[in-house]
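Asker: File data.pdb follows (PDB, C-alpha atoms, pLDDT in the B column):
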```pdb
MODEL        1
ATOM      1  CA  MET A   1      43.828 -11.070 -32.432  1.00 53.00           C
ATOM      2  CA  ASN A   2      42.513 -12.966 -29.393  1.00 54.00           C
ATOM      3  CA  ILE A   3      44.081 -10.432 -27.030  1.00 55.00           C
ATOM      4  CA  PHE A   4      42.101  -7.652 -28.729  1.00 57.00           C
ATOM      5  CA  ILE A   5      38.860  -9.579 -28.348  1.00 55.00           C
ATOM      6  CA  GLU A   6      39.670 -10.387 -24.712  1.00 54.00           C
ATOM      7  CA  GLN A   7      40.461  -6.745 -23.912  1.00 56.00           C
ATOM      8  CA  ALA A   8      37.360  -5.521 -25.772  1.00 60.00           C
ATOM      9  CA  ASN A   9      35.162  -7.905 -23.732  1.00 57.00           C
ATOM     10  CA  ARG A  10      36.877  -6.797 -20.507  1.00 55.00           C
ATOM     11  CA  LEU A  11      36.310  -3.114 -21.349  1.00 58.00           C
ATOM     12  CA  SER A  12      32.707  -3.826 -22.350  1.00 59.00           C
ATOM     13  CA  ASN A  13      32.059  -5.548 -19.004  1.00 56.00           C
ATOM     14  CA  LEU A  14      33.761  -2.710 -17.108  1.00 58.00           C
ATOM     15  CA  ALA A  15      31.694  -0.108 -18.968  1.00 59.00           C
ATOM     16  CA  GLU A  16      28.494  -2.057 -18.282  1.00 59.00           C
ATOM     17  CA  ASP A  17      29.362  -2.330 -14.572  1.00 59.00           C
ATOM     18  CA  THR A  18      30.282   1.363 -14.338  1.00 59.00           C
ATOM     19  CA  LEU A  19      27.039   2.415 -16.023  1.00 57.00           C
ATOM     20  CA  SER A  20      25.060   0.124 -13.716  1.00 55.00           C
ATOM     21  CA  VAL A  21      26.706   1.631 -10.618  1.00 55.00           C
ATOM     22  CA  THR A  22      25.934   5.163 -11.798  1.00 57.00           C
ATOM     23  CA  GLU A  23      22.312   4.278 -12.570  1.00 56.00           C
ATOM     24  CA  LEU A  24      21.865   2.309  -9.316  1.00 52.00           C
ATOM     25  CA  GLU A  25      23.221   5.181  -7.220  1.00 55.00           C
ATOM     26  CA  ALA A  26      20.919   7.630  -8.987  1.00 54.00           C
ATOM     27  CA  GLY A  27      17.942   5.286  -8.621  1.00 59.00           C
ATOM     28  CA  GLN A  28      17.610   5.255 -12.408  1.00 57.00           C
ATOM     29  CA  LEU A  29      18.444   1.678 -13.364  1.00 72.00           C
ATOM     30  CA  SER A  30      15.483   0.579 -15.448  1.00 82.00           C
ATOM     31  CA  TYR A  31      14.299  -2.961 -15.975  1.00 90.00           C
ATOM     32  CA  SER A  32      12.364  -4.599 -18.766  1.00 91.00           C
ATOM     33  CA  PHE A  33      10.748  -7.723 -17.319  1.00 94.00           C
ATOM     34  CA  LYS A  34       9.876 -10.488 -19.757  1.00 95.00           C
ATOM     35  CA  ILE A  35       9.656 -14.254 -19.792  1.00 96.00           C
ATOM     36  CA  LEU A  36      13.214 -15.450 -20.434  1.00 97.00           C
ATOM     37  CA  ASN A  37      14.798 -18.713 -21.482  1.00 97.00           C
ATOM     38  CA  VAL A  38      17.187 -19.724 -18.675  1.00 97.00           C
ATOM     39  CA  GLU A  39      19.508 -21.740 -20.912  1.00 96.00           C
ATOM     40  CA  ARG A  40      19.894 -18.718 -23.209  1.00 96.00           C
ATOM     41  CA  ILE A  41      20.864 -16.493 -20.249  1.00 97.00           C
ATOM     42  CA  VAL A  42      23.499 -19.021 -19.165  1.00 96.00           C
ATOM     43  CA  GLN A  43      24.863 -19.547 -22.691  1.00 95.00           C
ATOM     44  CA  ASP A  44      25.056 -15.792 -23.348  1.00 94.00           C
ATOM     45  CA  ALA A  45      26.903 -15.261 -20.046  1.00 94.00           C
ATOM     46  CA  ILE A  46      29.354 -18.084 -20.814  1.00 92.00           C
ATOM     47  CA  ALA A  47      30.046 -16.505 -24.213  1.00 90.00           C
ATOM     48  CA  MET A  48      30.981 -13.216 -22.496  1.00 86.00           C
ATOM     49  CA  VAL A  49      33.651 -14.796 -20.253  1.00 86.00           C
ATOM     50  CA  LYS A  50      37.156 -15.596 -21.454  1.00 77.00           C
ATOM     51  CA  PHE A  51      37.875 -19.224 -20.654  1.00 73.00           C
ATOM     52  CA  SER A  52      41.319 -20.651 -21.192  1.00 68.00           C
ATOM     53  CA  SER A  53      42.321 -24.235 -21.691  1.00 70.00           C
ATOM     54  CA  ARG A  54      43.191 -24.242 -17.990  1.00 75.00           C
ATOM     55  CA  HIS A  55      39.533 -24.220 -16.927  1.00 84.00           C
ATOM     56  CA  LYS A  56      36.893 -26.893 -17.197  1.00 89.00           C
ATOM     57  CA  LEU A  57      33.311 -25.698 -17.611  1.00 91.00           C
ATOM     58  CA  SER A  58      30.051 -27.524 -17.218  1.00 94.00           C
ATOM     59  CA  TYR A  59      26.482 -26.365 -16.901  1.00 95.00           C
ATOM     60  CA  HIS A  60      23.075 -27.895 -16.427  1.00 97.00           C
ATOM     61  CA  VAL A  61      19.612 -26.346 -16.557  1.00 97.00           C
ATOM     62  CA  ASP A  62      16.781 -28.407 -15.048  1.00 96.00           C
ATOM     63  CA  PRO A  63      13.854 -28.521 -17.516  1.00 93.00           C
ATOM     64  CA  ASN A  64      11.505 -27.611 -14.613  1.00 91.00           C
ATOM     65  CA  VAL A  65      13.067 -24.141 -14.527  1.00 95.00           C
ATOM     66  CA  ALA A  66      13.397 -23.462 -18.248  1.00 93.00           C
ATOM     67  CA  TYR A  67      11.859 -19.980 -17.967  1.00 96.00           C
ATOM     68  CA  VAL A  68      12.091 -17.113 -15.477  1.00 96.00           C
ATOM     69  CA  LYS A  69      10.676 -13.618 -15.396  1.00 94.00           C
ATOM     70  CA  GLY A  70      13.294 -10.877 -15.537  1.00 96.00           C
ATOM     71  CA  ASP A  71      15.406  -8.427 -17.469  1.00 96.00           C
ATOM     72  CA  GLN A  72      17.547 -10.276 -20.050  1.00 95.00           C
ATOM     73  CA  ASN A  73      20.530  -7.905 -20.018  1.00 93.00           C
ATOM     74  CA  LYS A  74      20.625  -7.442 -16.250  1.00 94.00           C
ATOM     75  CA  LEU A  75      20.380 -11.173 -15.530  1.00 96.00           C
ATOM     76  CA  ARG A  76      23.069 -11.919 -18.122  1.00 95.00           C
ATOM     77  CA  GLN A  77      25.229  -9.338 -16.325  1.00 93.00           C
ATOM     78  CA  VAL A  78      24.697 -11.135 -12.981  1.00 96.00           C
ATOM     79  CA  VAL A  79      25.543 -14.567 -14.373  1.00 97.00           C
ATOM     80  CA  THR A  80      28.511 -13.163 -16.339  1.00 94.00           C
ATOM     81  CA  ASN A  81      29.915 -11.504 -13.191  1.00 92.00           C
ATOM     82  CA  LEU A  82      29.588 -14.712 -11.167  1.00 95.00           C
ATOM     83  CA  ILE A  83      31.179 -16.876 -13.874  1.00 94.00           C
ATOM     84  CA  SER A  84      33.954 -14.326 -14.433  1.00 89.00           C
ATOM     85  CA  ASN A  85      34.770 -14.329 -10.700  1.00 88.00           C
ATOM     86  CA  ALA A  86      34.759 -18.140 -10.634  1.00 91.00           C
ATOM     87  CA  VAL A  87      37.255 -18.216 -13.508  1.00 88.00           C
ATOM     88  CA  LYS A  88      39.468 -15.479 -12.034  1.00 84.00           C
ATOM     89  CA  TYR A  89      39.709 -17.154  -8.630  1.00 83.00           C
ATOM     90  CA  SER A  90      40.113 -20.740  -9.880  1.00 84.00           C
ATOM     91  CA  PRO A  91      43.504 -22.403 -10.214  1.00 82.00           C
ATOM     92  CA  GLN A  92      44.902 -24.011 -13.342  1.00 79.00           C
ATOM     93  CA  GLY A  93      42.698 -26.989 -14.195  1.00 78.00           C
ATOM     94  CA  GLY A  94      39.930 -25.685 -11.913  1.00 86.00           C
ATOM     95  CA  LYS A  95      36.357 -26.581 -12.726  1.00 93.00           C
ATOM     96  CA  VAL A  96      33.554 -24.031 -12.958  1.00 94.00           C
ATOM     97  CA  THR A  97      30.034 -25.425 -12.722  1.00 96.00           C
ATOM     98  CA  ILE A  98      26.815 -23.563 -13.447  1.00 97.00           C
ATOM     99  CA  GLU A  99      23.577 -25.190 -12.354  1.00 98.00           C
ATOM    100  CA  VAL A 100      19.990 -23.986 -12.450  1.00 98.00           C
ATOM    101  CA  LYS A 101      17.366 -26.028 -10.628  1.00 97.00           C
ATOM    102  CA  GLU A 102      14.119 -25.664  -8.737  1.00 96.00           C
ATOM    103  CA  PHE A 103      14.455 -23.908  -5.371  1.00 97.00           C
ATOM    104  CA  SER A 104      10.742 -23.848  -4.548  1.00 96.00           C
ATOM    105  CA  PRO A 105       7.569 -24.287  -6.585  1.00 95.00           C
ATOM    106  CA  ALA A 106       7.772 -20.601  -7.523  1.00 95.00           C
ATOM    107  CA  GLU A 107      11.553 -20.024  -7.668  1.00 96.00           C
ATOM    108  CA  ALA A 108      14.599 -21.093  -9.656  1.00 97.00           C
ATOM    109  CA  LEU A 109      18.022 -21.409  -8.030  1.00 98.00           C
ATOM    110  CA  PHE A 110      21.097 -20.371 -10.038  1.00 98.00           C
ATOM    111  CA  SER A 111      24.448 -21.623  -8.674  1.00 98.00           C
ATOM    112  CA  VAL A 112      27.989 -20.947  -9.876  1.00 98.00           C
ATOM    113  CA  THR A 113      30.659 -23.120  -8.245  1.00 97.00           C
ATOM    114  CA  ASP A 114      34.431 -22.879  -8.500  1.00 94.00           C
ATOM    115  CA  GLU A 115      37.418 -24.740  -7.084  1.00 92.00           C
ATOM    116  CA  GLY A 116      39.226 -21.527  -6.239  1.00 87.00           C
ATOM    117  CA  VAL A 117      40.964 -19.986  -3.250  1.00 85.00           C
ATOM    118  CA  GLY A 118      37.811 -19.675  -1.140  1.00 88.00           C
ATOM    119  CA  ILE A 119      36.850 -16.823   1.145  1.00 86.00           C
ATOM    120  CA  PRO A 120      38.071 -16.576   4.749  1.00 86.00           C
ATOM    121  CA  ASP A 121      35.319 -16.344   7.396  1.00 86.00           C
ATOM    122  CA  GLU A 122      36.556 -12.944   8.603  1.00 87.00           C
ATOM    123  CA  GLN A 123      36.099 -11.460   5.108  1.00 84.00           C
ATOM    124  CA  LYS A 124      32.769 -12.993   4.134  1.00 84.00           C
ATOM    125  CA  ASP A 125      30.674 -10.017   5.314  1.00 83.00           C
ATOM    126  CA  LYS A 126      32.589  -7.668   2.942  1.00 81.00           C
ATOM    127  CA  LEU A 127      31.692  -9.369  -0.309  1.00 84.00           C
ATOM    128  CA  PHE A 128      28.439  -7.723  -1.353  1.00 85.00           C
ATOM    129  CA  ARG A 129      29.623  -4.221  -0.433  1.00 78.00           C
ATOM    130  CA  LYS A 130      30.625  -1.654  -3.017  1.00 75.00           C
ATOM    131  CA  PHE A 131      34.403  -1.470  -3.740  1.00 59.00           C
ATOM    132  CA  SER A 132      35.065  -4.425  -1.463  1.00 62.00           C
ATOM    133  CA  ARG A 133      37.279  -7.382  -2.347  1.00 61.00           C
ATOM    134  CA  ILE A 134      38.818 -10.257  -0.441  1.00 64.00           C
ATOM    135  CA  GLU A 135      42.352  -9.616   0.702  1.00 60.00           C
ATOM    136  CA  ARG A 136      44.485 -12.726   0.289  1.00 52.00           C
ATOM    137  CA  LYS A 137      47.951 -13.177  -1.115  1.00 56.00           C
ATOM    138  CA  GLU A 138      46.536 -15.780  -3.542  1.00 53.00           C
ATOM    139  CA  ALA A 139      44.229 -13.106  -4.969  1.00 49.00           C
ATOM    140  CA  LYS A 140      46.581 -10.107  -5.034  1.00 49.00           C
ATOM    141  CA  ASP A 141      47.191 -10.273  -8.798  1.00 53.00           C
ATOM    142  CA  ILE A 142      43.512 -10.618  -9.689  1.00 55.00           C
ATOM    143  CA  ARG A 143      42.068  -7.439 -11.172  1.00 57.00           C
ATOM    144  CA  GLY A 144      38.754  -5.958 -10.209  1.00 53.00           C
ATOM    145  CA  ALA A 145      37.115  -2.886  -8.753  1.00 52.00           C
ATOM    146  CA  GLY A 146      35.027  -4.683  -6.145  1.00 63.00           C
ATOM    147  CA  LEU A 147      31.763  -3.704  -7.826  1.00 81.00           C
ATOM    148  CA  GLY A 148      30.577  -6.915  -9.482  1.00 87.00           C
ATOM    149  CA  LEU A 149      29.024  -8.639  -6.470  1.00 91.00           C
ATOM    150  CA  TRP A 150      27.417  -5.415  -5.242  1.00 91.00           C
ATOM    151  CA  ILE A 151      25.833  -4.954  -8.675  1.00 91.00           C
ATOM    152  CA  CYS A 152      24.705  -8.603  -8.665  1.00 94.00           C
ATOM    153  CA  LYS A 153      23.048  -8.100  -5.266  1.00 95.00           C
ATOM    154  CA  GLU A 154      21.229  -4.951  -6.392  1.00 93.00           C
ATOM    155  CA  ILE A 155      19.956  -6.578  -9.610  1.00 94.00           C
ATOM    156  CA  VAL A 156      18.856  -9.800  -7.886  1.00 97.00           C
ATOM    157  CA  ASN A 157      17.085  -7.782  -5.164  1.00 95.00           C
ATOM    158  CA  ALA A 158      15.266  -5.738  -7.844  1.00 94.00           C
ATOM    159  CA  HIS A 159      14.037  -9.053  -9.306  1.00 95.00           C
ATOM    160  CA  GLY A 160      12.639 -10.098  -5.901  1.00 96.00           C
ATOM    161  CA  GLY A 161      15.324 -12.737  -5.421  1.00 97.00           C
ATOM    162  CA  LYS A 162      18.031 -13.443  -2.870  1.00 97.00           C
ATOM    163  CA  ILE A 163      21.787 -13.875  -3.355  1.00 97.00           C
ATOM    164  CA  TRP A 164      24.265 -15.607  -1.049  1.00 97.00           C
ATOM    165  CA  PHE A 165      27.335 -17.819  -1.090  1.00 95.00           C
ATOM    166  CA  GLU A 166      29.058 -20.711   0.595  1.00 95.00           C
ATOM    167  CA  SER A 167      32.831 -20.939   0.699  1.00 94.00           C
ATOM    168  CA  GLU A 168      35.656 -22.880   2.226  1.00 91.00           C
ATOM    169  CA  VAL A 169      39.233 -21.619   2.111  1.00 89.00           C
ATOM    170  CA  GLY A 170      41.264 -23.726  -0.303  1.00 87.00           C
ATOM    171  CA  SER A 171      38.205 -25.562  -1.643  1.00 90.00           C
ATOM    172  CA  GLY A 172      36.324 -22.896  -3.561  1.00 93.00           C
ATOM    173  CA  SER A 173      33.013 -21.096  -3.436  1.00 95.00           C
ATOM    174  CA  THR A 174      29.448 -21.427  -4.645  1.00 97.00           C
ATOM    175  CA  PHE A 175      27.396 -18.322  -5.328  1.00 97.00           C
ATOM    176  CA  HIS A 176      23.620 -18.809  -5.416  1.00 98.00           C
ATOM    177  CA  PHE A 177      20.711 -16.579  -6.346  1.00 98.00           C
ATOM    178  CA  THR A 178      17.001 -17.101  -6.731  1.00 98.00           C
ATOM    179  CA  LEU A 179      14.566 -15.768  -9.322  1.00 97.00           C
ATOM    180  CA  LYS A 180      10.849 -16.146  -9.807  1.00 96.00           C
ATOM    181  CA  LYS A 181       9.956 -18.839 -12.310  1.00 95.00           C
ATOM    182  CA  ALA A 182       7.798 -17.708 -15.224  1.00 91.00           C
ATOM    183  CA  THR A 183       4.208 -18.813 -14.987  1.00 74.00           C
ATOM    184  CA  GLY A 184       2.335 -19.443 -18.219  1.00 55.00           C
TER     185      GLY A 184
ENDMDL
END
```
Please render this file's structure as structure tokens.

Answerer:
Amino acid sequence: MNIFIEQANRLSNLAEDTLSVTELEAGQLSYSFKILNVERIVQDAIAMVKFSSRHKLSYHVDPNVAYVKGDQNKLRQVVTNLISNAVKYSPQGGKVTIEVKEFSPAEALFSVTDEGVGIPDEQKDKLFRKFSRIERKEAKDIRGAGLGLWICKEIVNAHGGKIWFESEVGSGSTFHFTLKKATG
């Protein structure tokens, strides 16, 4: 039964990514901006990702950034993509950490950290491009179309935020993005 649920979630995520690409390319991706609970976004994204007993997960949301302004479904998609990548590229027993804290008085910083294979310097500029993936023997069996990070970049940009990463080969990666905090 679990394999059916896992495959259904994978197909759902693929369909959501494919629809987003089509709408982004046509300039028709619509957003519904509201005040959103950050912890809810993170919890919903975690629920969408298949974790096995081989991964350790932790998350923390700073109370100073409890609310942001954005599109609930699109932001969940961003966080889900980043967590899913962290899980896919992490070794057995690897830890995935999600943290949301204040970046500036007006912005929240979301960070997803893994202990995975890392990204070689010569491939770092490829990551946020459409259909682009890192090419490493450690990652050859990992499935993906190379669309997730491009979609994340487009959604974060549409929210007025920035997205970037830090990585060291063999030590893992941290993907960060900023969003505007909700003001009263």

Asker: Which residues come within 12 Å of stretch 56-58 of chain A, counting only C-alpha atoms, excluding same-chain residues fewer than 3 positions away, as a VMD selection string?

Answerer: chain A and resid 42 to 43 46 to 47 49 to 53 61 83 to 84 86 to 87 90 to 100 111 to 115

Asker: To one decimal place in Å, what is the distance between atom CA of A:Asn85 and atom CA of A:Leu149?

Answerer: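 A separation of 9.1 Å between them.
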
Asker: Take the PyMOL selection byres ((chain A and resi 106) around 12), apply it to the structure above, and return the hits as JSON, numbers by chain.

Answerer: {"A": [64, 65, 67, 68, 69, 101, 102, 103, 104, 105, 107, 108, 109, 160, 161, 178, 179, 180, 181, 182, 183]}

Asker: The PyMOL selection byres ((chain A and resi 124) around 10) on the file shown: which residues, as a list of chain:residue names?

Answerer: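 Applying the PyMOL selection byres ((chain A and resi 124) around 10) to the structure shown produces A:Gly118, A:Ile119, A:Pro120, A:Asp121, A:Glu122, A:Gln123, A:Asp125, A:Lys126, A:Leu127, A:Phe128, A:Arg133, A:Ile134, A:Phe165, A:Glu166, A:Ser167.
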
Asker: Enter the distance from atom CA of A:Gly70 to atom CA of A:Phe33, in Å, rounded to one decimal.

Answerer: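 Computing the Euclidean distance for atom CA of A:Gly70 and atom CA of A:Phe33 yields 4.4 Å.
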
Asker: Provide an axis-aligned box for all listed atoms of stretch 166-174 of chain A, padding each side by 8 Å; report its centre and its edge lengths in Å to one decimal, as lines of an AutoDock Vina configuration file.

Answerer:
```
center_x = 35.2
center_y = -23.1
center_z = -1.2
size_x = 28.2
size_y = 20.9
size_z = 22.9
```

Asker: How many Å lie between atom CA of A:Ser173 and atom CA of A:Trp150, rounded to one decimal?

Answerer: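 Spanning atom CA of A:Ser173 to atom CA of A:Trp150 is a straight-line distance of 16.7 Å.
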
Asker: Of the residues A:Gln72, A:Glu154, A:Lys130, A:Tyr89, which is the one nearest to A:Val169, using all atoms listed in the file?

Answerer: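 Looking at the shortest contact to A:Val169, the residue is A:Tyr89.
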
Asker: Rank A:Lys74, A:Lys153, A:Lys88, A:Lys162 by their smallest atom-to-atom distance to A:Tyr31, using only C-alpha atoms, and report the top residue only.

Answerer: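 Once distances to A:Tyr31 are computed over only C-alpha atoms, the minimum belongs to A:Lys74.
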
Asker: Check the smallest atom-to-atom distance from each of A:Ile41, A:Leu36, A:Ala158, A:Trp164 to A:Thr80 using all atoms listed in the file, then report the winner.

Answerer: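 So, comparing all the options, the nearest one is A:Ile41.
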
Asker: Give me the residues within 8 Å of A:Ile163 as a list of chain:residue names, counting all atoms listed in the file and dropping any in the same chain fewer than 5 places off.

Answerer: A:Lys153, A:Val156, A:Asn157, A:Phe175, A:His176, A:Phe177, A:Thr178
